[in-house]
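A.B. asks: Next up, input-v4.cif (mmCIF, C-alpha atoms).
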```
data_final
#
loop_
_atom_site.label_atom_id
_atom_site.label_comp_id
_atom_site.auth_asym_id
_atom_site.auth_seq_id
_atom_site.Cartn_x
_atom_site.Cartn_y
_atom_site.Cartn_z
CA MET A 30 -18.43 -12.48 -4.01
CA ILE A 31 -19.90 -9.78 -1.77
CA ARG A 32 -20.29 -10.51 1.91
CA THR A 33 -21.93 -8.63 4.75
CA ALA A 34 -19.30 -7.15 7.09
CA GLY A 35 -20.69 -6.00 10.39
CA GLU A 36 -23.82 -3.88 10.66
CA HIS A 37 -23.00 -1.30 7.98
CA GLY A 38 -20.39 -2.84 5.69
CA LEU A 39 -20.13 -4.90 2.54
CA LEU A 40 -16.90 -6.74 1.73
CA VAL A 41 -16.24 -7.22 -1.97
CA GLU A 42 -13.90 -10.15 -2.60
CA THR A 43 -12.20 -9.03 -5.82
CA GLY A 44 -9.62 -11.81 -6.02
CA SER A 45 -6.82 -9.51 -7.17
CA LEU A 46 -5.01 -6.32 -6.22
CA ALA A 47 -5.55 -4.83 -9.68
CA LEU A 48 -9.31 -5.22 -9.46
CA SER A 49 -9.31 -3.86 -5.90
CA HIS A 50 -7.55 -0.74 -7.20
CA ARG A 51 -9.99 -0.32 -10.09
CA LEU A 52 -13.02 -0.73 -7.84
CA ASP A 53 -11.56 1.66 -5.25
CA ALA A 54 -10.96 4.30 -7.94
CA ALA A 55 -14.47 3.88 -9.34
CA LEU A 56 -16.10 4.23 -5.93
CA ARG A 57 -14.10 7.36 -5.12
CA ALA A 58 -14.88 8.92 -8.50
CA GLU A 59 -18.61 8.37 -8.09
CA ARG A 60 -19.32 7.56 -4.45
CA PRO A 61 -22.67 5.78 -3.95
CA ALA A 62 -25.14 7.39 -1.57
CA GLY A 63 -24.44 6.65 2.08
CA VAL A 64 -20.87 5.38 1.63
CA VAL A 65 -18.61 6.89 4.31
CA GLU A 66 -15.53 4.68 4.05
CA ILE A 67 -13.78 2.66 1.32
CA VAL A 68 -10.94 0.37 2.40
CA PRO A 69 -9.12 -1.53 -0.36
CA GLY A 70 -6.99 -4.56 0.46
CA PRO A 71 -4.88 -7.03 -1.52
CA ASP A 72 -7.94 -8.86 -2.84
CA THR A 73 -10.90 -7.17 -1.15
CA VAL A 74 -12.60 -3.79 -0.86
CA LEU A 75 -14.57 -2.96 2.28
CA VAL A 76 -17.40 -0.48 1.73
CA VAL A 77 -18.95 1.03 4.87
CA ALA A 78 -22.32 2.71 4.42
CA PRO A 79 -24.40 3.30 7.58
CA GLY A 80 -28.07 3.70 6.77
CA ALA A 81 -27.68 2.96 3.06
CA ASP A 82 -30.02 0.68 1.15
CA GLN A 83 -27.88 -2.45 1.35
CA ALA A 84 -29.63 -4.23 -1.52
CA ARG A 85 -29.19 -1.24 -3.82
CA LEU A 86 -25.58 -0.78 -2.79
CA ARG A 87 -24.83 -4.46 -3.33
CA ALA A 88 -26.32 -4.28 -6.81
CA ARG A 89 -24.23 -1.19 -7.61
CA LEU A 90 -21.07 -2.91 -6.41
CA GLU A 91 -21.83 -5.92 -8.59
CA GLU A 92 -22.22 -3.60 -11.59
CA LEU A 93 -18.93 -1.85 -10.90
CA VAL A 94 -17.01 -5.10 -10.48
CA ALA A 95 -18.48 -6.56 -13.67
CA ALA A 96 -17.65 -3.41 -15.64
CA ARG A 97 -14.04 -3.31 -14.45
CA ARG A 98 -13.12 -6.97 -14.33
CA HIS A 99 -11.68 -6.96 -17.85
CA GLU A 100 -10.15 -3.49 -17.95
CA ASP A 101 -6.48 -3.19 -18.75
CA ALA A 102 -4.63 -3.90 -15.49
CA ILE A 103 -2.16 -1.13 -16.34
CA GLN A 104 -4.89 1.42 -15.64
CA ALA A 105 -4.79 0.47 -11.98
CA ALA A 106 -1.21 1.70 -11.65
CA GLU A 107 -1.65 5.10 -13.31
CA GLY A 108 -1.71 6.99 -10.03
CA ASP A 109 0.38 9.93 -8.94
CA MET A 110 4.15 9.54 -8.62
CA VAL A 111 5.94 10.14 -5.31
CA THR A 112 9.75 10.25 -5.24
CA ILE A 113 11.31 9.50 -1.86
CA PRO A 114 14.92 10.52 -1.10
CA VAL A 115 16.62 7.98 1.17
CA VAL A 116 19.82 7.97 3.20
CA TYR A 117 20.77 4.30 2.96
CA ASP A 118 22.36 3.75 6.37
CA GLY A 119 19.79 1.43 7.92
CA ALA A 120 20.58 -0.97 10.72
CA ASP A 121 19.64 -3.97 8.57
CA LEU A 122 21.20 -2.95 5.25
CA ASP A 123 24.14 -5.33 5.70
CA SER A 124 21.96 -8.22 6.84
CA VAL A 125 19.60 -7.78 3.88
CA ALA A 126 22.65 -7.82 1.61
CA ALA A 127 23.96 -10.98 3.27
CA LEU A 128 20.59 -12.75 3.03
CA ALA A 129 20.32 -11.80 -0.64
CA GLY A 130 23.90 -12.75 -1.39
CA ILE A 131 24.75 -9.33 -2.83
CA SER A 132 26.61 -6.21 -1.70
CA PRO A 133 24.97 -3.35 0.24
CA ASP A 134 25.53 -1.13 -2.80
CA GLU A 135 23.57 -3.57 -4.95
CA VAL A 136 20.76 -3.60 -2.39
CA VAL A 137 20.52 0.16 -2.83
CA SER A 138 20.69 -0.16 -6.60
CA ARG A 139 17.92 -2.72 -6.69
CA HIS A 140 15.75 -0.79 -4.23
CA THR A 141 16.03 2.40 -6.26
CA GLY A 142 15.88 0.69 -9.63
CA ARG A 143 12.19 -0.16 -9.67
CA GLU A 144 8.92 1.73 -9.65
CA LEU A 145 6.76 0.43 -6.81
CA VAL A 146 3.01 0.80 -6.41
CA VAL A 147 0.99 1.33 -3.23
CA GLY A 148 -1.05 -1.83 -2.82
CA TRP A 149 -3.02 -0.85 0.25
CA LEU A 150 -2.70 0.95 3.59
CA GLY A 151 -2.83 -0.84 6.92
CA PHE A 152 -1.06 -1.66 10.21
CA ALA A 153 -0.96 2.05 11.15
CA PRO A 154 -2.40 5.28 9.68
CA GLY A 155 -0.45 6.13 6.54
CA PHE A 156 1.50 2.85 6.47
CA ALA A 157 1.53 1.84 2.79
CA TYR A 158 2.43 -1.62 1.55
CA LEU A 159 4.50 -0.99 -1.58
CA THR A 160 4.29 -3.78 -4.14
CA GLY A 161 6.73 -4.58 -6.95
CA LEU A 162 9.87 -5.02 -4.84
CA ASP A 163 12.80 -6.69 -6.60
CA PRO A 164 12.47 -10.39 -5.63
CA VAL A 165 16.15 -10.53 -4.69
CA LEU A 166 15.38 -8.16 -1.79
CA GLU A 167 12.57 -10.31 -0.38
CA THR A 168 13.65 -11.13 3.17
CA PRO A 169 11.80 -12.39 6.25
CA ARG A 170 10.81 -10.06 9.06
CA LEU A 171 13.00 -9.89 12.13
CA GLU A 172 12.46 -12.76 14.54
CA THR A 173 12.15 -10.21 17.36
CA PRO A 174 10.49 -6.92 16.34
CA ARG A 175 11.97 -3.63 17.51
CA THR A 176 10.01 -1.87 20.22
CA SER A 177 10.32 1.42 18.33
CA VAL A 178 11.14 2.23 14.72
CA PRO A 179 11.67 5.94 13.95
CA ALA A 180 9.27 7.77 11.63
CA GLY A 181 10.69 7.96 8.12
CA SER A 182 12.43 4.59 8.30
CA VAL A 183 12.53 2.85 4.91
CA ALA A 184 12.20 -0.90 5.19
CA VAL A 185 11.54 -4.20 3.47
CA ALA A 186 9.79 -7.40 4.56
CA GLY A 187 8.69 -10.27 2.39
CA PRO A 188 7.69 -8.96 -1.05
CA TYR A 189 7.00 -5.41 0.18
CA SER A 190 8.76 -2.16 0.99
CA ALA A 191 7.42 0.62 3.21
CA VAL A 192 8.10 3.95 4.86
CA TYR A 193 7.18 4.08 8.55
CA PRO A 194 4.82 7.09 8.79
CA THR A 195 5.21 7.48 12.54
CA ALA A 196 7.38 5.97 15.26
CA SER A 197 6.02 2.54 16.13
CA PRO A 198 7.06 -1.01 16.94
CA GLY A 199 8.03 -2.99 13.86
CA GLY A 200 9.75 -6.07 12.55
CA TRP A 201 10.63 -4.94 9.04
CA ARG A 202 14.29 -4.75 8.01
CA LEU A 203 15.56 -1.16 7.89
CA LEU A 204 17.45 -0.06 4.78
CA GLY A 205 17.60 3.66 5.52
CA ARG A 206 15.62 6.78 6.35
CA THR A 207 13.91 9.67 4.61
CA SER A 208 13.20 13.20 5.78
CA LEU A 209 10.08 13.32 3.61
CA ARG A 210 6.91 13.34 5.72
CA VAL A 211 4.58 10.73 4.33
CA TRP A 212 1.95 11.27 7.06
CA ASP A 213 0.78 14.64 8.38
CA VAL A 214 -2.47 14.86 10.33
CA GLU A 215 -2.75 18.57 9.48
CA ALA A 216 -2.50 18.00 5.72
CA ASP A 217 -5.41 17.25 3.40
CA PRO A 218 -5.16 14.40 2.65
CA PRO A 219 -2.89 13.43 5.56
CA SER A 220 -1.13 10.66 3.63
CA LEU A 221 1.07 11.04 0.55
CA PHE A 222 -0.02 7.56 -0.43
CA ARG A 223 -3.24 6.07 -1.71
CA PRO A 224 -3.81 2.74 -3.46
CA GLY A 225 -2.32 2.95 -6.94
CA THR A 226 0.22 5.69 -6.11
CA ARG A 227 3.52 5.01 -7.89
CA VAL A 228 6.64 5.31 -5.75
CA ARG A 229 10.32 5.63 -6.56
CA PHE A 230 13.16 5.67 -4.05
CA GLU A 231 16.34 7.60 -4.80
CA PRO A 232 19.59 8.01 -2.84
CA ALA A 233 19.53 11.27 -0.89
#
```
Before we go any further, please render this structure as structure tokens.
C.D. replies:
Amino acid sequence: MIRTAGEHGLLVETGSLALSHRLDAALRAERPAGVVEIVPGPDTVLVVAPGADQARLRARLEELVAARRHEDAIQAAEGDMVTIPVVYDGADLDSVAALAGISPDEVVSRHTGRELVVGWLGFAPGFAYLTGLDPVLETPRLETPRTSVPAGSVAVAGPYSAVYPTASPGGWRLLGRTSLRVWDVEADPPSLFRPGTRVRFEPA
């Protein structure tokens, strides 16, 4: 379903993260006239196009969704690979281990033992929700969020992992920290992550 979103936007309800990734990639490869912003989400893609012919754009979006609905889902995860070195000394490493019923060393092993994929970006510029976390590491957010989490903090919450791109408040559980800059306003693009980027953590 495609809904009107504000004065200049169309919201495509894809129903799945894989289809959101495929539609996002298609739009970026061949951007329709007038489109200035493409914002993929877990099961939506927002397309912002001030001044565009909305009827024509809607028809094009319908074509793209229909063409990609049955593509191999693996294609959605064939993005670039980013390897992130982590010092696993986070304030919540022991509590995550206790909640999971495993040792801190096994938390590290499970966190580094899987390839994750950037699902979408949100919350703050450059903040990527990394999907594919080992289910054993799924833990609830802190009951009381921290007022400031340092940039580079590596964390988990629910079924996701993340790297805090800048210092900000946050309620995710901190496993460690990385010196790798994942967000740099002077870089082009400023974020190391985009939807579909594959991510691996490794002990620093």
A.B. asks: Could you tell me how far CA of Ala191 in chain A sits from CA of Val125 in chain A, in Å to one decimal place?
C.D. replies: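 Between these atoms lies a distance of 14.8 Å.
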A.B. asks: As a check of understanding, name the residues that the PyMOL selection byres ((chain A and resi 71) around 12) selects in the supplied structure, as number ranges by chain.
C.D. replies: A: 41-50, 53, 68-70, 72-75, 147-151, 157-160, 224-225
A.B. asks: Which is closest to Ala153 in chain A among A:Ser220, A:Thr207, A:Thr33, A:Thr226, if we use only C-alpha atoms?
C.D. replies: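 For Ala153 in chain A, the nearest of the given residues is A:Ser220.
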A.B. asks: Please identify all polymer residues within 6 Å of range 162-173 of chain A, counting only C-alpha atoms, omitting same-chain residues fewer than 3 positions from it, and present them as a short mmCIF file (atom, residue, chain, number, x, y, z; two decimals) with C-alpha atoms, in the coordinates of the input.
C.D. replies:
```cif
data_model
loop_
_atom_site.label_atom_id
_atom_site.label_comp_id
_atom_site.auth_asym_id
_atom_site.auth_seq_id
_atom_site.Cartn_x
_atom_site.Cartn_y
_atom_site.Cartn_z
CA ALA A 129 20.32 -11.80 -0.64
CA ALA A 186 9.79 -7.40 4.56
CA GLY A 187 8.69 -10.27 2.39
CA PRO A 188 7.69 -8.96 -1.05
CA TYR A 189 7.00 -5.41 0.18
CA GLY A 200 9.75 -6.07 12.55
CA TRP A 201 10.63 -4.94 9.04
#
```
A.B. asks: Quick one: which residues end up in the PyMOL selection byres ((chain A and resi 230) around 7) for this structure, as a list in words?
C.D. replies: Thr112, Ile113, Pro114, Val115, His140, Thr141, Val228, Arg229, Glu231 and Pro232 of chain A
A.B. asks: For the residues in the current selection, export C-alpha atoms as a CSV table (one decimal), in the frame of the given file.
C.D. replies:
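Everything below was put into part_30.csv:
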```
chain,number,residue,atom,x,y,z
A,112,THR,CA,9.8,10.2,-5.2
A,113,ILE,CA,11.3,9.5,-1.9
A,114,PRO,CA,14.9,10.5,-1.1
A,115,VAL,CA,16.6,8.0,1.2
A,140,HIS,CA,15.8,-0.8,-4.2
A,141,THR,CA,16.0,2.4,-6.3
A,228,VAL,CA,6.6,5.3,-5.8
A,229,ARG,CA,10.3,5.6,-6.6
A,231,GLU,CA,16.3,7.6,-4.8
A,232,PRO,CA,19.6,8.0,-2.8
```
A.B. asks: Counting only C-alpha atoms, select every polymer residue within 8 Å of (-23.7, -2.1, 0.0) as defined in the file's coordinates, and provide the selection as a VMD selection string.
C.D. replies: chain A and resid 38 to 39 76 to 78 81 to 90
A.B. asks: Find the distance between CA of Gly63 in chain A and CA of Val94 in chain A and write it in Å to one decimal.
C.D. replies: 18.7 Å
A.B. asks: Report, in Å with one decimal, the straight-line distance from CA of Ser182 in chain A to CA of Glu66 in chain A.
C.D. replies: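 A separation of 28.3 Å between them.
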A.B. asks: Up to 8 Å from (-23.8, 7.2, 1.5) in the file's coordinates: name the residues, counting all atoms listed in the file, as a ChimeraX atom specification.
C.D. replies: /A:60-65,78-81
A.B. asks: Using all atoms listed in the file, what does the table of range 68-168 of chain A residues within 8 Å of range 192-199 of chain A look like, with each row giving the shortest atom pair and its distance in Å to one decimal, sorted by chain and ascending number, as JSON lines?
C.D. replies:
```
{"residue": "A:Pro154", "atom": "CA", "partner": "A:Pro194", "partner_atom": "CA", "distance": 7.5}
{"residue": "A:Gly155", "atom": "CA", "partner": "A:Pro194", "partner_atom": "CA", "distance": 5.8}
{"residue": "A:Phe156", "atom": "CA", "partner": "A:Pro194", "partner_atom": "CA", "distance": 5.9}
{"residue": "A:Ala157", "atom": "CA", "partner": "A:Val192", "partner_atom": "CA", "distance": 7.2}
```
A.B. asks: Quick one: write out the picked residues with C-alpha atoms as a short mmCIF file (atom, residue, chain, number, x, y, z; two decimals), keeping the file's coordinate frame?
C.D. replies:
```cif
data_model
loop_
_atom_site.label_atom_id
_atom_site.label_comp_id
_atom_site.auth_asym_id
_atom_site.auth_seq_id
_atom_site.Cartn_x
_atom_site.Cartn_y
_atom_site.Cartn_z
CA PRO A 154 -2.40 5.28 9.68
CA GLY A 155 -0.45 6.13 6.54
CA PHE A 156 1.50 2.85 6.47
CA ALA A 157 1.53 1.84 2.79
#
```
A.B. asks: Please evaluate the PyMOL selection byres ((chain A and resi 31) around 6) against the structure above and give the resulting residues as number ranges by chain.
C.D. replies: A: 30, 32, 40-41
A.B. asks: How would the residues just chosen look if you wrote them out with C-alpha atoms as a compact mmCIF listing (two decimals), keeping the file's coordinate frame?
C.D. replies:
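Here's the written file again-v5.txt:
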```
# COMPACT_ATOMS: atom_id res chain seq x y z
CA MET A 30 -18.43 -12.48 -4.01
CA ARG A 32 -20.29 -10.51 1.91
CA LEU A 40 -16.90 -6.74 1.73
CA VAL A 41 -16.24 -7.22 -1.97
```
A.B. asks: When you get a chance, write out N, CA, C and O atoms for range 171-182 of chain A, as a compact mmCIF listing (two decimals), keeping the file's coordinate frame.
C.D. replies:
```txt
# COMPACT_ATOMS: atom_id res chain seq x y z
N LEU A 171 12.14 -9.56 11.00
CA LEU A 171 13.00 -9.89 12.13
C LEU A 171 12.30 -10.88 13.05
O LEU A 171 11.08 -10.82 13.25
N GLU A 172 13.06 -11.79 13.61
CA GLU A 172 12.46 -12.76 14.54
C GLU A 172 11.92 -12.05 15.77
O GLU A 172 10.89 -12.44 16.33
N THR A 173 12.61 -11.00 16.22
CA THR A 173 12.15 -10.21 17.36
C THR A 173 11.96 -8.76 16.89
O THR A 173 12.95 -8.08 16.59
N PRO A 174 10.72 -8.29 16.81
CA PRO A 174 10.49 -6.92 16.34
C PRO A 174 11.12 -5.88 17.26
O PRO A 174 11.28 -6.12 18.47
N ARG A 175 11.49 -4.75 16.70
CA ARG A 175 11.97 -3.63 17.51
C ARG A 175 10.80 -3.01 18.26
O ARG A 175 9.68 -2.96 17.75
N THR A 176 11.08 -2.51 19.44
CA THR A 176 10.01 -1.87 20.22
C THR A 176 9.66 -0.50 19.66
O THR A 176 8.55 -0.01 19.85
N SER A 177 10.60 0.13 18.95
CA SER A 177 10.32 1.42 18.33
C SER A 177 11.17 1.61 17.09
O SER A 177 12.39 1.46 17.13
N VAL A 178 10.48 1.91 15.99
CA VAL A 178 11.14 2.23 14.72
C VAL A 178 10.86 3.70 14.44
O VAL A 178 9.70 4.13 14.46
N PRO A 179 11.89 4.51 14.15
CA PRO A 179 11.67 5.94 13.95
C PRO A 179 10.81 6.24 12.72
O PRO A 179 10.84 5.50 11.73
N ALA A 180 10.03 7.30 12.79
CA ALA A 180 9.27 7.77 11.63
C ALA A 180 10.24 8.07 10.50
O ALA A 180 11.35 8.57 10.72
N GLY A 181 9.84 7.74 9.28
CA GLY A 181 10.69 7.96 8.12
C GLY A 181 11.60 6.81 7.78
O GLY A 181 12.31 6.86 6.77
N SER A 182 11.60 5.75 8.60
CA SER A 182 12.43 4.59 8.30
C SER A 182 11.92 3.90 7.04
O SER A 182 10.72 3.70 6.87
```
